file coords-v8.txt (compact mmCIF, C-alpha atoms)
# COMPACT_ATOMS: atom_id res chain seq x y z
CA MET A 1 58.42 87.09 116.27
CA GLY A 2 60.30 84.09 114.94
CA PRO A 3 63.60 82.76 116.23
CA ARG A 4 66.81 84.40 115.10
CA GLY A 5 69.60 82.48 113.36
CA ALA A 6 72.01 80.75 115.68
CA ASP A 7 75.03 82.59 114.33
CA GLU A 8 73.51 86.03 114.53
CA THR A 9 74.03 86.91 118.17
CA VAL A 10 77.08 84.92 119.10
CA PRO A 11 78.43 85.47 122.58
CA ALA A 12 81.51 87.64 122.92
CA SER A 13 84.58 85.47 122.96
CA ASP A 14 88.33 85.67 123.08
CA HIS A 15 88.21 85.91 119.30
CA SER A 16 86.65 89.35 119.39
CA ILE A 17 88.52 91.64 117.05
CA ASP A 18 88.14 95.08 115.57
CA ALA A 19 86.95 95.05 112.00
CA CYS A 20 87.85 98.69 111.56
CA ASP A 21 89.04 101.73 113.44
CA LEU A 22 85.51 102.65 114.41
CA GLY A 23 85.60 99.81 116.88
CA ARG A 24 83.14 97.56 115.10
CA VAL A 25 83.44 94.06 116.52
CA VAL A 26 83.19 91.00 114.34
CA THR A 27 82.94 88.15 116.76
CA VAL A 28 83.28 84.52 115.92
CA ALA A 29 82.39 81.80 118.35
CA PRO A 30 85.17 79.20 118.60
CA SER A 31 84.27 75.70 117.70
CA SER A 32 85.84 72.52 118.96
CA THR A 33 86.26 71.34 115.37
CA GLU A 34 88.28 74.38 114.38
CA ALA A 35 90.38 74.18 117.53
CA SER A 36 91.48 70.57 116.96
CA CYS A 37 92.34 70.67 113.22
CA VAL A 38 95.93 71.03 112.11
CA ASP A 39 94.60 72.45 108.83
CA ALA A 40 92.46 75.33 110.06
CA THR A 41 90.50 75.54 106.81
CA PRO A 42 86.87 74.91 107.77
CA ARG A 43 85.16 71.94 106.25
CA GLY A 44 82.27 72.29 103.86
CA LEU A 45 83.57 75.29 101.93
CA ASP A 46 82.83 75.68 98.25
CA ALA A 47 85.79 74.88 96.02
CA ASP A 48 86.69 78.49 95.22
CA SER A 49 86.57 79.60 98.85
CA ARG A 50 88.74 76.68 99.84
CA ARG A 51 91.32 77.54 97.23
CA TRP A 52 91.35 81.19 98.32
CA VAL A 53 91.94 80.27 101.96
CA GLU A 54 94.58 77.63 101.24
CA GLN A 55 96.51 79.71 98.72
CA LEU A 56 96.55 82.80 100.94
CA ARG A 57 98.25 80.95 103.79
CA ALA A 58 101.88 81.69 104.47
CA GLY A 59 104.12 79.16 102.80
CA HIS A 60 101.81 78.19 99.98
CA PRO A 61 103.71 78.23 96.68
CA ARG A 62 101.11 80.49 95.07
CA GLN A 63 100.61 82.79 98.02
CA HIS A 64 102.23 85.80 96.40
CA GLN A 65 100.13 85.62 93.25
CA THR A 66 96.96 84.96 95.24
CA VAL A 67 97.53 87.94 97.52
CA ALA A 68 98.10 90.12 94.46
CA ARG A 69 94.92 88.88 92.84
CA LEU A 70 92.92 89.43 96.01
CA TYR A 71 94.32 92.94 96.41
CA ASP A 72 93.41 93.76 92.83
CA VAL A 73 89.76 92.83 93.35
CA LEU A 74 89.60 94.51 96.78
CA ARG A 75 90.78 97.72 95.17
CA ARG A 76 88.12 97.44 92.49
CA VAL A 77 85.47 96.84 95.14
CA ALA A 78 86.73 99.81 97.15
CA TRP A 79 86.71 102.07 94.13
CA PHE A 80 83.21 100.96 93.21
CA GLU A 81 81.91 101.43 96.74
CA LEU A 82 83.45 104.86 97.11
CA SER A 83 81.86 105.80 93.81
CA ARG A 84 78.55 104.62 95.13
CA ARG A 85 78.98 106.88 98.15
CA ARG A 86 80.42 109.77 96.17
CA GLN A 87 77.77 112.15 97.41
CA GLN A 88 79.14 111.82 100.93
CA LEU A 89 82.65 112.61 99.70
CA GLN A 90 81.62 115.76 97.83
CA SER A 91 84.87 117.54 96.92
CA VAL A 92 87.03 114.42 96.82
CA THR A 93 88.02 113.68 93.22
CA GLY A 94 90.91 112.48 91.10
CA PRO A 95 94.10 111.42 92.92
CA GLU A 96 92.58 111.94 96.37
CA PHE A 97 89.70 109.64 95.47
CA GLU A 98 92.09 107.02 94.12
CA ASP A 99 94.15 107.33 97.27
CA LEU A 100 91.10 106.70 99.46
CA ALA A 101 90.26 103.59 97.45
CA GLN A 102 93.81 102.32 97.79
CA GLN A 103 93.85 102.96 101.53
CA ALA A 104 90.57 101.11 101.95
CA ALA A 105 91.87 98.17 99.92
CA ASP A 106 95.19 98.15 101.79
CA ASP A 107 93.52 98.06 105.18
CA ALA A 108 90.96 95.49 104.07
CA LEU A 109 93.70 93.20 102.77
CA VAL A 110 95.55 93.39 106.08
CA ASN A 111 92.35 92.48 107.92
CA VAL A 112 91.59 89.57 105.61
CA LEU A 113 95.07 88.08 105.95
CA ASP A 114 95.17 88.62 109.72
CA ARG A 115 91.78 86.98 110.17
CA LEU A 116 92.08 84.18 107.63
CA ASP A 117 91.69 81.52 110.31
CA GLU A 118 88.43 83.08 111.39
CA PHE A 119 86.70 82.53 108.09
CA ARG A 120 84.07 79.95 108.86
CA GLY A 121 82.41 79.52 105.49
CA LEU A 122 79.09 81.13 106.45
CA SER A 123 79.42 82.95 103.16
CA ARG A 124 81.63 82.73 100.12
CA PHE A 125 85.18 83.79 100.84
CA THR A 126 84.94 86.70 98.42
CA THR A 127 81.80 88.05 100.09
CA TRP A 128 83.47 87.75 103.48
CA ALA A 129 86.56 89.58 102.20
CA TYR A 130 84.52 92.37 100.62
CA THR A 131 82.86 92.96 103.99
CA PHE A 132 86.15 94.34 105.26
CA VAL A 133 86.23 96.74 102.32
CA MET A 134 82.77 98.00 103.27
CA PHE A 135 83.87 98.62 106.85
CA GLU A 136 87.01 100.46 105.74
CA VAL A 137 85.09 102.60 103.28
CA SER A 138 82.61 103.52 106.02
CA ALA A 139 85.44 104.52 108.30
CA LYS A 140 87.18 106.62 105.68
CA VAL A 141 84.00 108.34 104.53
CA ALA A 142 83.19 109.20 108.14
CA ARG A 143 86.67 110.58 108.79
CA HIS A 144 86.49 112.64 105.64
CA ALA A 145 83.19 114.15 106.72
CA TRP A 146 84.54 114.74 110.21
CA ARG A 147 87.71 116.49 108.99
CA ARG A 148 85.91 118.55 106.39
CA GLN A 149 83.42 119.98 108.82
CA PRO A 150 82.95 118.51 112.26
CA PRO A 151 79.18 118.57 112.69
CA GLY A 152 77.55 120.42 115.47
CA LEU A 153 75.44 117.97 117.32
CA GLU A 154 73.36 120.62 118.99
CA GLY A 155 70.42 122.45 117.53
CA ILE A 156 67.39 120.79 116.09
CA GLU A 157 66.62 120.79 112.39
CA TRP A 158 62.89 120.64 112.61
CA GLU A 159 62.70 120.43 108.81
CA ALA A 160 63.24 116.71 109.30
CA LEU A 161 59.78 116.57 110.79
CA PRO A 162 56.44 116.54 108.98
CA ASP A 163 55.79 119.36 106.56
CA PRO A 164 52.75 121.39 107.64
CA VAL A 165 52.11 122.94 104.23
CA ALA A 166 49.90 120.20 102.86
CA LEU A 167 47.66 119.80 105.91
CA GLN A 168 44.10 120.87 106.58
CA PRO A 169 43.63 123.26 109.55
CA GLU A 170 42.47 120.56 111.95
CA GLU A 171 45.32 118.31 110.86
CA LEU A 172 47.73 121.18 111.37
CA LEU A 173 46.52 121.67 114.95
CA GLU A 174 46.90 117.97 115.60
CA GLN A 175 50.39 117.97 114.19
CA ARG A 176 51.44 120.96 116.27
CA ALA A 177 50.22 119.20 119.38
CA GLN A 178 52.23 116.15 118.37
CA LEU A 179 55.36 118.21 117.75
CA ASP A 180 54.96 119.97 121.08
CA ALA A 181 54.74 116.59 122.78
CA LEU A 182 57.84 115.47 120.89
CA ARG A 183 59.80 118.60 121.89
CA GLN A 184 58.93 118.06 125.53
CA ALA A 185 59.80 114.39 125.33
CA ILE A 186 63.19 115.18 123.75
CA GLY A 187 63.88 117.52 126.64
CA LYS A 188 63.44 114.64 129.06
CA LEU A 189 65.93 112.29 127.42
CA THR A 190 69.31 111.70 129.02
CA ASP A 191 72.00 114.08 127.74
CA ARG A 192 73.61 111.38 125.60
CA GLN A 193 70.31 110.11 124.22
CA ARG A 194 69.25 113.64 123.30
CA GLU A 195 72.61 114.43 121.71
CA VAL A 196 72.52 111.26 119.60
CA PHE A 197 68.84 111.52 118.66
CA VAL A 198 69.11 115.15 117.63
CA ALA A 199 72.24 114.54 115.59
CA VAL A 200 71.30 111.28 113.86
CA ALA A 201 67.51 111.35 113.63
CA LEU A 202 66.82 115.07 113.28
CA ASN A 203 69.98 116.59 111.82
CA ASP A 204 70.89 113.65 109.60
CA VAL A 205 74.47 113.48 110.82
CA PRO A 206 75.90 110.07 109.81
CA ILE A 207 76.08 107.75 112.79
CA ASP A 208 79.78 107.02 112.20
CA VAL A 209 80.57 110.73 112.36
CA VAL A 210 78.69 110.99 115.65
CA ALA A 211 80.72 108.03 116.91
CA LEU A 212 83.95 109.85 116.03
CA LYS A 213 82.75 113.00 117.71
CA LEU A 214 81.82 111.14 120.91
CA GLY A 215 84.90 108.92 120.90
CA THR A 216 82.89 105.73 120.76
CA ASN A 217 81.68 103.24 118.15
CA ARG A 218 78.67 102.81 115.93
CA ASN A 219 77.17 100.03 117.99
CA ALA A 220 77.12 102.16 121.14
CA VAL A 221 75.69 105.17 119.36
CA TYR A 222 72.96 103.05 117.81
CA LYS A 223 72.03 101.71 121.23
CA ASN A 224 71.68 105.27 122.49
CA LEU A 225 69.53 106.06 119.48
CA PHE A 226 67.36 103.00 119.95
CA ASP A 227 66.81 103.73 123.62
CA ALA A 228 66.00 107.35 122.82
CA ARG A 229 63.43 106.35 120.24
CA ARG A 230 61.81 103.93 122.64
CA ALA A 231 61.66 106.53 125.38
CA LEU A 232 60.18 109.12 123.03
CA ARG A 233 57.46 106.77 121.82
CA ALA A 234 56.57 105.91 125.42
CA ARG A 235 56.46 109.55 126.56
CA MET A 236 54.39 110.64 123.60
CA ALA A 237 51.92 107.86 124.22
CA ALA A 238 51.75 108.84 127.90
CA ALA A 239 51.10 112.43 126.80
CA GLY A 240 48.16 111.30 124.72
CA GLN A 241 50.06 111.55 121.42
CA PRO A 242 50.81 107.95 120.44
CA VAL A 243 52.90 107.45 117.31
CA SER A 244 51.38 105.01 114.85
CA ASN A 245 53.37 102.04 113.65
CA GLY A 246 53.86 101.29 109.95
CA ASN A 247 50.59 99.39 109.80
CA GLY A 248 48.59 102.31 111.14
CA GLY A 249 48.13 100.92 114.64
CA ASP A 250 49.03 102.84 117.75
CA ILE A 251 51.92 101.81 119.89
CA GLY A 252 51.62 102.36 123.59
CA PRO A 253 54.39 102.65 126.19
CA ALA A 254 57.21 100.22 125.40
CA GLY A 255 58.03 97.41 127.80
CA ASP A 256 61.42 95.87 128.37
CA ALA A 257 61.30 94.09 125.04
CA GLY A 258 63.36 95.78 122.38
CA LEU A 259 66.93 95.31 121.38
CA ASP A 260 68.44 91.87 121.62
CA ARG A 261 70.71 92.48 124.60
CA SER A 262 72.42 89.09 124.55
CA GLY A 263 75.91 88.37 123.34
CA ALA A 264 77.94 90.55 121.10
CA ALA A 265 75.31 93.06 120.13
CA TRP A 266 75.45 94.98 123.38
CA SER A 267 78.44 93.56 125.17
CA ARG A 268 80.62 96.57 124.29
CA MET B 1 49.32 109.96 106.56
CA THR B 2 52.64 110.85 105.04
CA ASP B 3 53.50 113.05 108.03
CA LEU B 4 52.54 110.40 110.58
CA HIS B 5 54.54 107.84 108.66
CA LYS B 6 57.54 110.15 108.75
CA LEU B 7 57.26 110.47 112.51
CA ASP B 8 56.92 106.72 112.79
CA GLU B 9 60.12 106.32 110.76
CA LEU B 10 61.87 108.88 112.94
CA LEU B 11 61.02 106.93 116.07
CA ARG B 12 61.39 103.42 114.69
CA ALA B 13 62.67 101.06 117.42
CA THR B 14 61.51 97.54 116.68
CA ASP B 15 61.65 94.57 119.01
CA GLY B 16 64.34 92.07 118.15
CA ASP B 17 66.73 94.56 116.53
CA ALA B 18 70.10 92.74 116.61
CA GLY B 19 72.18 95.93 116.58
CA CYS B 20 75.21 96.87 114.52
CA ALA B 21 77.86 94.50 115.88
CA ALA B 22 75.80 91.33 115.53
CA GLY B 23 74.88 92.23 111.99
CA ALA B 24 78.48 92.88 111.05
CA ALA B 25 79.43 89.32 111.99
CA ILE B 26 77.01 87.70 109.54
CA LEU B 27 76.62 90.35 106.86
CA GLY B 28 78.39 88.20 104.27
CA ALA B 29 76.15 85.25 104.96
CA TYR B 30 73.11 87.52 104.83
CA VAL B 31 74.08 88.87 101.42
CA ASP B 32 74.92 85.49 99.94
CA LEU B 33 71.49 84.21 100.96
CA GLU B 34 69.92 87.13 99.11
CA LEU B 35 71.99 86.44 96.02
CA ALA B 36 70.88 82.82 96.14
CA GLY B 37 67.28 83.98 96.03
CA GLU B 38 66.57 83.03 99.62
CA ASP B 39 65.09 85.15 102.40
CA PRO B 40 67.90 86.04 104.83
CA ALA B 41 65.36 87.13 107.43
CA ARG B 42 64.54 83.46 108.03
CA ALA B 43 68.03 82.89 109.40
CA TYR B 44 68.91 86.39 110.56
CA LEU B 45 65.69 88.07 111.54
CA GLY B 46 67.32 90.45 114.00
CA THR B 47 69.62 91.80 111.32
CA ALA B 48 66.76 92.13 108.87
CA ILE B 49 64.99 94.25 111.47
CA HIS B 50 68.13 96.24 112.17
CA LEU B 51 68.73 97.06 108.51
CA MET B 52 65.35 98.76 108.39
CA SER B 53 66.48 101.23 111.04
CA CYS B 54 70.22 101.75 110.68
CA SER B 55 71.19 103.68 107.56
CA ALA B 56 74.91 103.07 108.10
CA CYS B 57 74.55 99.29 108.26
CA ARG B 58 72.11 99.39 105.38
CA ALA B 59 74.65 101.28 103.28
CA GLU B 60 77.22 98.59 103.98
CA HIS B 61 74.70 95.89 103.19
CA ASP B 62 73.74 97.51 99.89
CA GLY B 63 77.38 97.99 98.94
CA LEU B 64 78.28 94.42 99.85
CA LEU B 65 75.32 93.06 97.91
CA GLU B 66 76.43 94.92 94.80
CA ALA B 67 80.09 93.98 95.25
CA ALA B 68 79.26 90.31 95.77
CA ARG B 69 77.01 90.38 92.73
CA ARG B 70 79.69 91.97 90.53
CA TYR B 71 82.86 90.39 91.87
CA GLY B 72 81.72 87.43 93.94
CA ASP B 73 82.82 84.85 91.39
CA VAL B 74 86.43 86.05 91.19
CA ARG B 75 88.67 83.04 91.66
CA PRO B 76 92.27 82.68 92.74
CA GLN B 77 94.62 81.86 89.92

call {"tool": "encode", "arguments": {"input": "coords-v8.txt", "output": "structure tokens"}}
result
Amino acid sequence: MGPRGADETVPASDHSIDACDLGRVVTVAPSSTEASCVDATPRGLDADSRRWVEQLRAGHPRQHQTVARLYDVLRRVAWFELSRRRQQLQSVTGPEFEDLAQQAADDALVNVLDRLDEFRGLSRFTTWAYTFVMFEVSAKVARHAWRRQPPGLEGIEWEALPDPVALQPEELLEQRAQLDALRQAIGKLTDRQREVFVAVALNDVPIDVVALKLGTNRNAVYKNLFDARRALRARMAAAGQPVSNGNGGDIGPAGDAGLDRSGAAWSR
Amino acid sequence: MTDLHKLDELLRATDGDAGCAAGAAILGAYVDLELAGEDPARAYLGTAIHLMSCSACRAEHDGLLEAARRYGDVRPQ
């Protein structure tokens, strides 16, 4: 496996901040260049990004107009994104939908202005700003789902598993043996791993909703899920029921390799 | 084969997965590389792996990609 990008798993730093109420952390490693500049605008930005950053700063003569323009586009992005996820919102329409879009844009704008000095130019400014809209929309969609009907995390929806209808008899026997091995392996997970795996992987509960239910954040829930999946693969292999990988090969018991456990990814 | 593939998807846990938090920090850069026609996995392999397994992060990625494509060239006045 090739090397990862240097900026991808930055170490947790004093600049760690919450990108949204779900406790997502967007960490930025401090640089000596940024720390010593009077003008905190990073060097090497494209012209449009530079103008955005400079004109959004307090005291700039065009700050008011620039904030208004940014808010306008953030609201359009929020509306578009909520429309894209309309299926998750179900009964939300009309004024309530518009209100959600406005809330997402409001909160995204606050985050952008609060974190202006943390924009490093890894992307265009607009792309960076729209990221906050995505996080806010995710949070609001999750809360909506949670308020509408808090999901039960117990109980296994076995319909998520392979459909036996299309199988030949010998294939059906093999599949039943595999499912029995999976059931037993699920029973041996830790309580948290089982709760998360059953909810997210089997019952299709959105991971952000599970995070709300458990009072934690997406990152932590995903780690539980990852560890559960690893443990299940290992136990099924040990039980003589290895799960093939995407290329058709068998995967045996997992070693310690797995998630990147350095830096920000698993520091929370 | 379809059933085995489904089980494989259910239990997907790939080495080098960068996780949700690390991906969030560079998602904008990841998307802009895609829009430029480049392969973001070359710079952010762990996130590329992660997006194959995390539907929530993938939803944000897909939304950001579309938003950046539609509104990425908006300029300040």

call {"tool": "closest_residue", "arguments": {"input": "coords-v8.txt", "among": "B:Ala24, B:Ala18, B:Val31, B:Leu11", "to": "B:Ala56", "atoms": "all atoms listed in the file"}}
result
B:Ala24

call {"tool": "closest_residue", "arguments": {"input": "coords-v8.txt", "among": "A:Val205, A:Leu89, A:Ala239, A:Lys140", "to": "A:Gln184", "atoms": "all atoms listed in the file"}}
result
A:Ala239

call {"tool": "closest_residue", "arguments": {"input": "coords-v8.txt", "among": "A:Arg76, A:Gln65, A:Met236, A:Leu109", "to": "A:Leu179", "atoms": "all atoms listed in the file"}}
result
A:Met236

call {"tool": "atom_distance", "arguments": {"input": "coords-v8.txt", "atom1": "atom CA of A:Phe226", "atom2": "atom CA of B:Leu33"}}
result
27.0 Å

call {"tool": "atom_distance", "arguments": {"input": "coords-v8.txt", "atom1": "atom CA of B:Ala29", "atom2": "atom CA of A:Ser123"}}
result
4.4 Å

call {"tool": "residues_near_point", "arguments": {"input": "coords-v8.txt", "point": "(70.7, 105.6, 121.9)", "cutoff": "10 Å", "atoms": "only C-alpha atoms", "output": "PyMOL selection string"}}
result
chain A and resi 189-190+192-197+200+219-231

call {"tool": "build_atoms", "arguments": {"input": "coords-v8.txt", "residues": "stretch 122-154 of chain A", "atoms": "N, CA and C atoms", "output": "mmCIF file, in the frame of the given file"}}
result
data_model
loop_
_atom_site.group_PDB
_atom_site.id
_atom_site.type_symbol
_atom_site.label_atom_id
_atom_site.label_comp_id
_atom_site.auth_asym_id
_atom_site.auth_seq_id
_atom_site.Cartn_x
_atom_site.Cartn_y
_atom_site.Cartn_z
ATOM 1 N N LEU A 122 80.507 80.760 106.426
ATOM 2 C CA LEU A 122 79.090 81.130 106.450
ATOM 3 C C LEU A 122 78.689 81.761 105.135
ATOM 4 N N SER A 123 79.660 82.354 104.457
ATOM 5 C CA SER A 123 79.420 82.950 103.160
ATOM 6 C C SER A 123 80.550 82.514 102.238
ATOM 7 N N ARG A 124 80.485 82.933 100.985
ATOM 8 C CA ARG A 124 81.630 82.730 100.120
ATOM 9 C C ARG A 124 82.812 83.533 100.673
ATOM 10 N N PHE A 125 84.011 83.086 100.358
ATOM 11 C CA PHE A 125 85.180 83.790 100.840
ATOM 12 C C PHE A 125 85.204 85.218 100.293
ATOM 13 N N THR A 126 84.892 85.366 99.028
ATOM 14 C CA THR A 126 84.940 86.700 98.420
ATOM 15 C C THR A 126 83.963 87.646 99.117
ATOM 16 N N THR A 127 82.770 87.205 99.399
ATOM 17 C CA THR A 127 81.800 88.050 100.090
ATOM 18 C C THR A 127 82.330 88.441 101.456
ATOM 19 N N TRP A 128 82.888 87.479 102.156
ATOM 20 C CA TRP A 128 83.470 87.750 103.480
ATOM 21 C C TRP A 128 84.585 88.790 103.361
ATOM 22 N N ALA A 129 85.451 88.644 102.375
ATOM 23 C CA ALA A 129 86.560 89.580 102.200
ATOM 24 C C ALA A 129 86.053 90.981 101.861
ATOM 25 N N TYR A 130 85.031 91.054 101.022
ATOM 26 C CA TYR A 130 84.520 92.370 100.620
ATOM 27 C C TYR A 130 83.878 93.093 101.794
ATOM 28 N N THR A 131 83.430 92.342 102.797
ATOM 29 C CA THR A 131 82.860 92.960 103.990
ATOM 30 C C THR A 131 83.867 93.908 104.643
ATOM 31 N N PHE A 132 85.120 93.489 104.653
ATOM 32 C CA PHE A 132 86.150 94.340 105.260
ATOM 33 C C PHE A 132 86.327 95.624 104.444
ATOM 34 N N VAL A 133 86.161 95.528 103.138
ATOM 35 C CA VAL A 133 86.230 96.740 102.320
ATOM 36 C C VAL A 133 85.093 97.691 102.709
ATOM 37 N N MET A 134 83.912 97.158 102.900
ATOM 38 C CA MET A 134 82.770 98.000 103.270
ATOM 39 C C MET A 134 83.053 98.723 104.584
ATOM 40 N N PHE A 135 83.586 98.002 105.556
ATOM 41 C CA PHE A 135 83.870 98.620 106.850
ATOM 42 C C PHE A 135 84.925 99.716 106.701
ATOM 43 N N GLU A 136 85.959 99.447 105.912
ATOM 44 C CA GLU A 136 87.010 100.460 105.740
ATOM 45 C C GLU A 136 86.486 101.683 104.998
ATOM 46 N N VAL A 137 85.665 101.468 104.002
ATOM 47 C CA VAL A 137 85.090 102.600 103.280
ATOM 48 C C VAL A 137 84.226 103.439 104.223
ATOM 49 N N SER A 138 83.436 102.780 105.052
ATOM 50 C CA SER A 138 82.610 103.520 106.020
ATOM 51 C C SER A 138 83.471 104.366 106.930
ATOM 52 N N ALA A 139 84.556 103.789 107.403
ATOM 53 C CA ALA A 139 85.440 104.520 108.300
ATOM 54 C C ALA A 139 86.056 105.728 107.603
ATOM 55 N N LYS A 140 86.512 105.526 106.382
ATOM 56 C CA LYS A 140 87.180 106.620 105.680
ATOM 57 C C LYS A 140 86.203 107.725 105.260
ATOM 58 N N VAL A 141 85.015 107.344 104.873
ATOM 59 C CA VAL A 141 84.000 108.340 104.530
ATOM 60 C C VAL A 141 83.647 109.158 105.775
ATOM 61 N N ALA A 142 83.518 108.494 106.905
ATOM 62 C CA ALA A 142 83.190 109.200 108.140
ATOM 63 C C ALA A 142 84.312 110.156 108.533
ATOM 64 N N ARG A 143 85.553 109.706 108.433
ATOM 65 C CA ARG A 143 86.670 110.580 108.790
ATOM 66 C C ARG A 143 86.741 111.774 107.854
ATOM 67 N N HIS A 144 86.475 111.541 106.596
ATOM 68 C CA HIS A 144 86.490 112.640 105.640
ATOM 69 C C HIS A 144 85.443 113.677 106.019
ATOM 70 N N ALA A 145 84.254 113.232 106.337
ATOM 71 C CA ALA A 145 83.190 114.150 106.720
ATOM 72 C C ALA A 145 83.557 114.869 108.007
ATOM 73 N N TRP A 146 84.169 114.166 108.913
ATOM 74 C CA TRP A 146 84.540 114.740 110.210
ATOM 75 C C TRP A 146 85.624 115.800 110.030
ATOM 76 N N ARG A 147 86.613 115.540 109.196
ATOM 77 C CA ARG A 147 87.710 116.490 108.990
ATOM 78 C C ARG A 147 87.235 117.703 108.208
ATOM 79 N N ARG A 148 86.365 117.452 107.245
ATOM 80 C CA ARG A 148 85.910 118.550 106.390
ATOM 81 C C ARG A 148 85.134 119.567 107.212
ATOM 82 N N GLN A 149 84.215 119.074 107.999
ATOM 83 C CA GLN A 149 83.420 119.980 108.820
ATOM 84 C C GLN A 149 82.830 119.198 109.965
ATOM 85 N N PRO A 150 83.516 119.211 111.115
ATOM 86 C CA PRO A 150 82.950 118.510 112.260
ATOM 87 C C PRO A 150 81.535 119.008 112.515
ATOM 88 N N PRO A 151 80.565 118.132 112.573
ATOM 89 C CA PRO A 151 79.180 118.570 112.690
ATOM 90 C C PRO A 151 78.864 119.031 114.092
ATOM 91 N N GLY A 152 78.066 120.068 114.173
ATOM 92 C CA GLY A 152 77.550 120.420 115.470
ATOM 93 C C GLY A 152 76.420 119.472 115.794
ATOM 94 N N LEU A 153 76.466 118.946 116.972
ATOM 95 C CA LEU A 153 75.440 117.970 117.320
ATOM 96 C C LEU A 153 74.264 118.628 118.012
ATOM 97 N N GLU A 154 74.428 119.909 118.308
ATOM 98 C CA GLU A 154 73.360 120.620 118.990
ATOM 99 C C GLU A 154 72.418 121.240 117.963
#
